[in-house]
file upload25.pdb (PDB, C-alpha atoms)
ATOM      1  CA  GLN A 910      99.250  99.788 117.066  1.00  0.00           C
ATOM      2  CA  VAL A 911     100.750  96.348 116.680  1.00  0.00           C
ATOM      3  CA  GLN A 912     104.454  95.721 117.292  1.00  0.00           C
ATOM      4  CA  LEU A 913     106.259  93.086 115.238  1.00  0.00           C
ATOM      5  CA  VAL A 914     109.419  91.037 115.743  1.00  0.00           C
ATOM      6  CA  GLU A 915     110.887  88.724 113.114  1.00  0.00           C
ATOM      7  CA  SER A 916     112.993  85.667 113.862  1.00  0.00           C
ATOM      8  CA  GLY A 917     114.425  82.596 112.204  1.00  0.00           C
ATOM      9  CA  GLY A 918     116.753  84.012 109.601  1.00  0.00           C
ATOM     10  CA  GLY A 919     120.211  82.671 108.893  1.00  0.00           C
ATOM     11  CA  LEU A 920     122.624  81.245 106.356  1.00  0.00           C
ATOM     12  CA  VAL A 921     121.256  78.458 104.174  1.00  0.00           C
ATOM     13  CA  GLN A 922     122.294  76.681 101.016  1.00  0.00           C
ATOM     14  CA  ALA A 923     120.586  77.159  97.698  1.00  0.00           C
ATOM     15  CA  GLY A 924     117.753  74.709  97.244  1.00  0.00           C
ATOM     16  CA  SER A 925     117.027  74.395 100.924  1.00  0.00           C
ATOM     17  CA  SER A 926     113.985  75.438 102.923  1.00  0.00           C
ATOM     18  CA  LEU A 927     113.524  77.840 105.789  1.00  0.00           C
ATOM     19  CA  THR A 928     110.638  79.217 107.807  1.00  0.00           C
ATOM     20  CA  ILE A 929     110.794  82.599 109.459  1.00  0.00           C
ATOM     21  CA  SER A 930     108.366  83.975 112.003  1.00  0.00           C
ATOM     22  CA  CYS A 931     106.807  87.303 112.837  1.00  0.00           C
ATOM     23  CA  ALA A 932     105.498  87.639 116.383  1.00  0.00           C
ATOM     24  CA  ALA A 933     103.086  90.432 117.179  1.00  0.00           C
ATOM     25  CA  SER A 934     102.109  92.192 120.343  1.00  0.00           C
ATOM     26  CA  GLY A 935      99.639  94.963 121.037  1.00  0.00           C
ATOM     27  CA  GLY A 936      96.713  95.802 118.827  1.00  0.00           C
ATOM     28  CA  THR A 937      94.057  93.355 117.669  1.00  0.00           C
ATOM     29  CA  PHE A 938      96.274  91.014 115.718  1.00  0.00           C
ATOM     30  CA  ASN A 939      93.530  89.093 113.936  1.00  0.00           C
ATOM     31  CA  ARG A 940      92.273  92.310 112.374  1.00  0.00           C
ATOM     32  CA  TYR A 941      95.545  93.140 110.677  1.00  0.00           C
ATOM     33  CA  THR A 942      96.558  92.071 107.219  1.00  0.00           C
ATOM     34  CA  ILE A 943     100.247  91.189 107.528  1.00  0.00           C
ATOM     35  CA  GLY A 944     102.835  91.394 104.801  1.00  0.00           C
ATOM     36  CA  TRP A 945     106.348  90.171 104.206  1.00  0.00           C
ATOM     37  CA  LEU A 946     108.751  92.390 102.304  1.00  0.00           C
ATOM     38  CA  ARG A 947     112.475  92.099 101.709  1.00  0.00           C
ATOM     39  CA  GLN A 948     115.418  94.306 100.909  1.00  0.00           C
ATOM     40  CA  ALA A 949     118.568  93.104  99.243  1.00  0.00           C
ATOM     41  CA  PRO A 950     121.800  95.080  99.499  1.00  0.00           C
ATOM     42  CA  GLY A 951     121.692  98.136  97.287  1.00  0.00           C
ATOM     43  CA  GLN A 952     118.120  97.517  96.271  1.00  0.00           C
ATOM     44  CA  GLU A 953     114.765  98.918  97.229  1.00  0.00           C
ATOM     45  CA  ARG A 954     112.469  97.102  99.613  1.00  0.00           C
ATOM     46  CA  GLU A 955     110.104  94.855  97.695  1.00  0.00           C
ATOM     47  CA  PHE A 956     106.887  93.018  98.322  1.00  0.00           C
ATOM     48  CA  VAL A 957     107.052  89.269  98.940  1.00  0.00           C
ATOM     49  CA  ALA A 958     103.695  88.139 100.296  1.00  0.00           C
ATOM     50  CA  VAL A 959     100.657  89.217 102.233  1.00  0.00           C
ATOM     51  CA  VAL A 960      98.105  87.272 104.239  1.00  0.00           C
ATOM     52  CA  GLY A 961      94.581  88.179 105.237  1.00  0.00           C
ATOM     53  CA  TRP A 962      92.952  87.973 108.634  1.00  0.00           C
ATOM     54  CA  ASN A 963      92.296  84.260 108.921  1.00  0.00           C
ATOM     55  CA  GLY A 964      95.197  83.004 106.839  1.00  0.00           C
ATOM     56  CA  ALA A 965      92.983  81.595 104.093  1.00  0.00           C
ATOM     57  CA  ASN A 966      93.780  84.382 101.654  1.00  0.00           C
ATOM     58  CA  ALA A 967      97.255  85.318 100.504  1.00  0.00           C
ATOM     59  CA  LYS A 968      99.034  86.986  97.627  1.00  0.00           C
ATOM     60  CA  TYR A 969     102.600  86.538  96.430  1.00  0.00           C
ATOM     61  CA  ALA A 970     105.159  88.300  94.312  1.00  0.00           C
ATOM     62  CA  ASP A 971     105.803  86.533  91.023  1.00  0.00           C
ATOM     63  CA  SER A 972     109.412  85.957  92.043  1.00  0.00           C
ATOM     64  CA  VAL A 973     108.398  83.713  94.941  1.00  0.00           C
ATOM     65  CA  LYS A 974     105.112  82.246  93.735  1.00  0.00           C
ATOM     66  CA  GLY A 975     105.156  78.477  93.994  1.00  0.00           C
ATOM     67  CA  ARG A 976     108.180  78.494  96.321  1.00  0.00           C
ATOM     68  CA  PHE A 977     107.028  80.568  99.291  1.00  0.00           C
ATOM     69  CA  SER A 978     103.877  80.340 101.328  1.00  0.00           C
ATOM     70  CA  VAL A 979     102.577  82.440 104.183  1.00  0.00           C
ATOM     71  CA  SER A 980     100.482  81.311 107.116  1.00  0.00           C
ATOM     72  CA  ARG A 981      99.348  82.730 110.402  1.00  0.00           C
ATOM     73  CA  ASP A 982      98.337  81.468 113.828  1.00  0.00           C
ATOM     74  CA  ASN A 983      96.121  84.100 115.378  1.00  0.00           C
ATOM     75  CA  ALA A 984      96.068  82.276 118.707  1.00  0.00           C
ATOM     76  CA  LYS A 985      99.835  82.833 118.870  1.00  0.00           C
ATOM     77  CA  SER A 986      99.746  86.253 117.171  1.00  0.00           C
ATOM     78  CA  THR A 987     102.339  84.966 114.734  1.00  0.00           C
ATOM     79  CA  VAL A 988     102.749  84.959 110.975  1.00  0.00           C
ATOM     80  CA  TYR A 989     105.107  82.591 109.183  1.00  0.00           C
ATOM     81  CA  LEU A 990     106.867  82.700 105.843  1.00  0.00           C
ATOM     82  CA  HIS A 991     107.697  79.237 104.567  1.00  0.00           C
ATOM     83  CA  MET A 992     110.403  79.333 101.925  1.00  0.00           C
ATOM     84  CA  ASN A 993     111.343  76.414  99.681  1.00  0.00           C
ATOM     85  CA  SER A 994     113.848  76.022  96.872  1.00  0.00           C
ATOM     86  CA  LEU A 995     115.757  79.047  98.044  1.00  0.00           C
ATOM     87  CA  LYS A 996     117.919  80.845  95.527  1.00  0.00           C
ATOM     88  CA  SER A 997     120.853  83.190  95.930  1.00  0.00           C
ATOM     89  CA  GLU A 998     118.631  86.010  94.727  1.00  0.00           C
ATOM     90  CA  ASP A 999     116.436  85.470  97.790  1.00  0.00           C
ATOM     91  CA  THR A1000     119.248  86.829  99.933  1.00  0.00           C
ATOM     92  CA  ALA A1001     117.888  89.874 101.743  1.00  0.00           C
ATOM     93  CA  VAL A1002     116.672  91.267 105.011  1.00  0.00           C
ATOM     94  CA  TYR A1003     113.098  90.100 105.446  1.00  0.00           C
ATOM     95  CA  TYR A1004     110.593  92.330 107.183  1.00  0.00           C
ATOM     96  CA  CYS A1005     107.082  91.704 108.337  1.00  0.00           C
ATOM     97  CA  ALA A1006     104.722  94.633 108.386  1.00  0.00           C
ATOM     98  CA  ALA A1007     101.147  95.351 109.373  1.00  0.00           C
ATOM     99  CA  ASP A1008      98.609  97.042 107.149  1.00  0.00           C
ATOM    100  CA  ARG A1009      98.321 100.678 108.164  1.00  0.00           C
ATOM    101  CA  ARG A1010      94.555 100.245 107.899  1.00  0.00           C
ATOM    102  CA  PRO A1011      93.431  97.441 110.211  1.00  0.00           C
ATOM    103  CA  TYR A1012      89.859  96.148 110.167  1.00  0.00           C
ATOM    104  CA  THR A1013      89.781  96.270 106.353  1.00  0.00           C
ATOM    105  CA  ASN A1014      91.236  92.843 105.401  1.00  0.00           C
ATOM    106  CA  ARG A1015      92.382  94.391 102.151  1.00  0.00           C
ATOM    107  CA  TRP A1016      94.999  91.692 101.483  1.00  0.00           C
ATOM    108  CA  SER A1017      94.238  91.602  97.761  1.00  0.00           C
ATOM    109  CA  PHE A1018      94.902  95.299  97.313  1.00  0.00           C
ATOM    110  CA  ILE A1019      98.112  96.007  99.155  1.00  0.00           C
ATOM    111  CA  SER A1020     101.727  95.435  98.218  1.00  0.00           C
ATOM    112  CA  ASN A1021     103.385  98.838  98.358  1.00  0.00           C
ATOM    113  CA  ILE A1022     105.643  99.884 101.187  1.00  0.00           C
ATOM    114  CA  THR A1023     103.316 102.777 101.912  1.00  0.00           C
ATOM    115  CA  ASP A1024     100.444 100.357 102.591  1.00  0.00           C
ATOM    116  CA  PHE A1025     102.130  99.198 105.773  1.00  0.00           C
ATOM    117  CA  GLY A1026     102.297 101.136 109.005  1.00  0.00           C
ATOM    118  CA  SER A1027     104.131  98.991 111.561  1.00  0.00           C
ATOM    119  CA  TRP A1028     107.365  97.221 110.757  1.00  0.00           C
ATOM    120  CA  GLY A1029     109.616  94.746 112.451  1.00  0.00           C
ATOM    121  CA  GLU A1030     113.388  95.184 112.593  1.00  0.00           C
ATOM    122  CA  GLY A1031     113.957  92.492 109.983  1.00  0.00           C
ATOM    123  CA  THR A1032     115.781  89.190 109.862  1.00  0.00           C
ATOM    124  CA  GLN A1033     118.679  88.456 107.528  1.00  0.00           C
ATOM    125  CA  ILE A1034     118.528  85.499 105.168  1.00  0.00           C
ATOM    126  CA  THR A1035     121.609  84.631 103.190  1.00  0.00           C
ATOM    127  CA  VAL A1036     121.414  81.930 100.547  1.00  0.00           C
ATOM    128  CA  SER A1037     124.751  80.519  99.472  1.00  0.00           C
ATOM    129  CA  SER A1038     125.080  79.024  96.018  1.00  0.00           C
TER     130      SER A1038
END
call {"tool": "encode", "arguments": {"input": "upload25.pdb", "output": "structure tokens"}}
result
Amino acid sequence: QVQLVESGGGLVQAGSSLTISCAASGGTFNRYTIGWLRQAPGQEREFVAVVGWNGANAKYADSVKGRFSVSRDNAKSTVYLHMNSLKSEDTAVYYCAADRRPYTNRWSFISNITDFGSWGEGTQITVSS
């Protein structure tokens, strides 16, 4: 089972850019599809993005498409979420999570909370307008 730790969150201004990281340990990292999800205050956790094994394949929520991109460095067991043109509505705790079914590379099929089995503690991003 892979363990995940997010980092890089903070307070940023609207329109700015930020990259957050998700470092993994344990498990066979390059056989896990990894997702990013977020939870705003008073709202349910929602899907943001997911990336397949080698980083070449990714899927995004409509709300972030064209502004966010996800990448991974398997040599460093790390996944990144690159965020541009941040908006106040992007304010949330951002979580990375590993597919509960490794060795499937099912990045195109998963986006629900129940698809993910291991979660990080989250990193807070606050976008001021």
call {"tool": "resolve_selection", "arguments": {"input": "upload25.pdb", "expression": "the PyMOL selection byres ((chain A and resi 1015-1026) around 9)", "output": "mmCIF file with C-alpha atoms, in the coordinates of the input"}}
result
data_model
loop_
_atom_site.group_PDB
_atom_site.id
_atom_site.type_symbol
_atom_site.label_atom_id
_atom_site.label_comp_id
_atom_site.auth_asym_id
_atom_site.auth_seq_id
_atom_site.Cartn_x
_atom_site.Cartn_y
_atom_site.Cartn_z
ATOM 1 C CA GLN A 910 99.250 99.788 117.066
ATOM 2 C CA THR A 942 96.558 92.071 107.219
ATOM 3 C CA ILE A 943 100.247 91.189 107.528
ATOM 4 C CA GLY A 944 102.835 91.394 104.801
ATOM 5 C CA LEU A 946 108.751 92.390 102.304
ATOM 6 C CA ARG A 954 112.469 97.102 99.613
ATOM 7 C CA GLU A 955 110.104 94.855 97.695
ATOM 8 C CA PHE A 956 106.887 93.018 98.322
ATOM 9 C CA VAL A 957 107.052 89.269 98.940
ATOM 10 C CA ALA A 958 103.695 88.139 100.296
ATOM 11 C CA VAL A 959 100.657 89.217 102.233
ATOM 12 C CA VAL A 960 98.105 87.272 104.239
ATOM 13 C CA GLY A 961 94.581 88.179 105.237
ATOM 14 C CA TRP A 962 92.952 87.973 108.634
ATOM 15 C CA ASN A 966 93.780 84.382 101.654
ATOM 16 C CA ALA A 967 97.255 85.318 100.504
ATOM 17 C CA LYS A 968 99.034 86.986 97.627
ATOM 18 C CA ALA A 970 105.159 88.300 94.312
ATOM 19 C CA ALA A 1006 104.722 94.633 108.386
ATOM 20 C CA ALA A 1007 101.147 95.351 109.373
ATOM 21 C CA ASP A 1008 98.609 97.042 107.149
ATOM 22 C CA ARG A 1009 98.321 100.678 108.164
ATOM 23 C CA ARG A 1010 94.555 100.245 107.899
ATOM 24 C CA PRO A 1011 93.431 97.441 110.211
ATOM 25 C CA TYR A 1012 89.859 96.148 110.167
ATOM 26 C CA THR A 1013 89.781 96.270 106.353
ATOM 27 C CA ASN A 1014 91.236 92.843 105.401
ATOM 28 C CA SER A 1027 104.131 98.991 111.561
ATOM 29 C CA TRP A 1028 107.365 97.221 110.757
#
call {"tool": "closest_residue", "arguments": {"input": "upload25.pdb", "among": "A:Tyr1004, A:Gly975, A:Ser1037, A:Glu998", "to": "Pro950 (chain A)", "atoms": "only C-alpha atoms"}}
result
A:Glu998
call {"tool": "atom_distance", "arguments": {"input": "upload25.pdb", "atom1": "CA of Gln948 (chain A)", "atom2": "CA of Tyr989 (chain A)"}}
result
17.7 Å
call {"tool": "closest_residue", "arguments": {"input": "upload25.pdb", "among": "A:Val1036, A:Ala949, A:Ala965, A:Tyr1003", "to": "Glu915 (chain A)", "atoms": "only C-alpha atoms"}}
result
A:Tyr1003
call {"tool": "resolve_selection", "arguments": {"input": "upload25.pdb", "expression": "the PyMOL selection byres ((chain A and resi 927) around 7)", "output": "PyMOL selection string"}}
result
chain A and resi 925-926+928-929+991-993
call {"tool": "atom_distance", "arguments": {"input": "upload25.pdb", "atom1": "CA of Val921 (chain A)", "atom2": "CA of Thr1032 (chain A)"}}
result
13.3 Å
call {"tool": "residues_around", "arguments": {"input": "upload25.pdb", "residues": "Val988 (chain A)", "least_positions_apart": "6", "cutoff": "7 Å", "atoms": "only C-alpha atoms", "output": "ChimeraX atom specification"}}
result
/A:930-932,980-982
call {"tool": "write_last_selection", "arguments": {"input": "upload25.pdb", "atoms": "C-alpha atoms", "output": "CSV table (one decimal), keeping the file's coordinate frame"}}
result
chain,number,residue,atom,x,y,z
A,930,SER,CA,108.4,84.0,112.0
A,931,CYS,CA,106.8,87.3,112.8
A,932,ALA,CA,105.5,87.6,116.4
A,980,SER,CA,100.5,81.3,107.1
A,981,ARG,CA,99.3,82.7,110.4
A,982,ASP,CA,98.3,81.5,113.8
call {"tool": "atom_distance", "arguments": {"input": "upload25.pdb", "atom1": "CA of Lys985 (chain A)", "atom2": "CA of Gly935 (chain A)"}}
result
12.3 Å
call {"tool": "axis_aligned_box", "arguments": {"input": "upload25.pdb", "around": "region 977-982 of chain A", "padding_each_side": "3 Å", "output": "JSON"}}
result
{"center_x": 102.7, "center_y": 81.5, "center_z": 106.6, "size_x": 14.7, "size_y": 8.4, "size_z": 20.5}
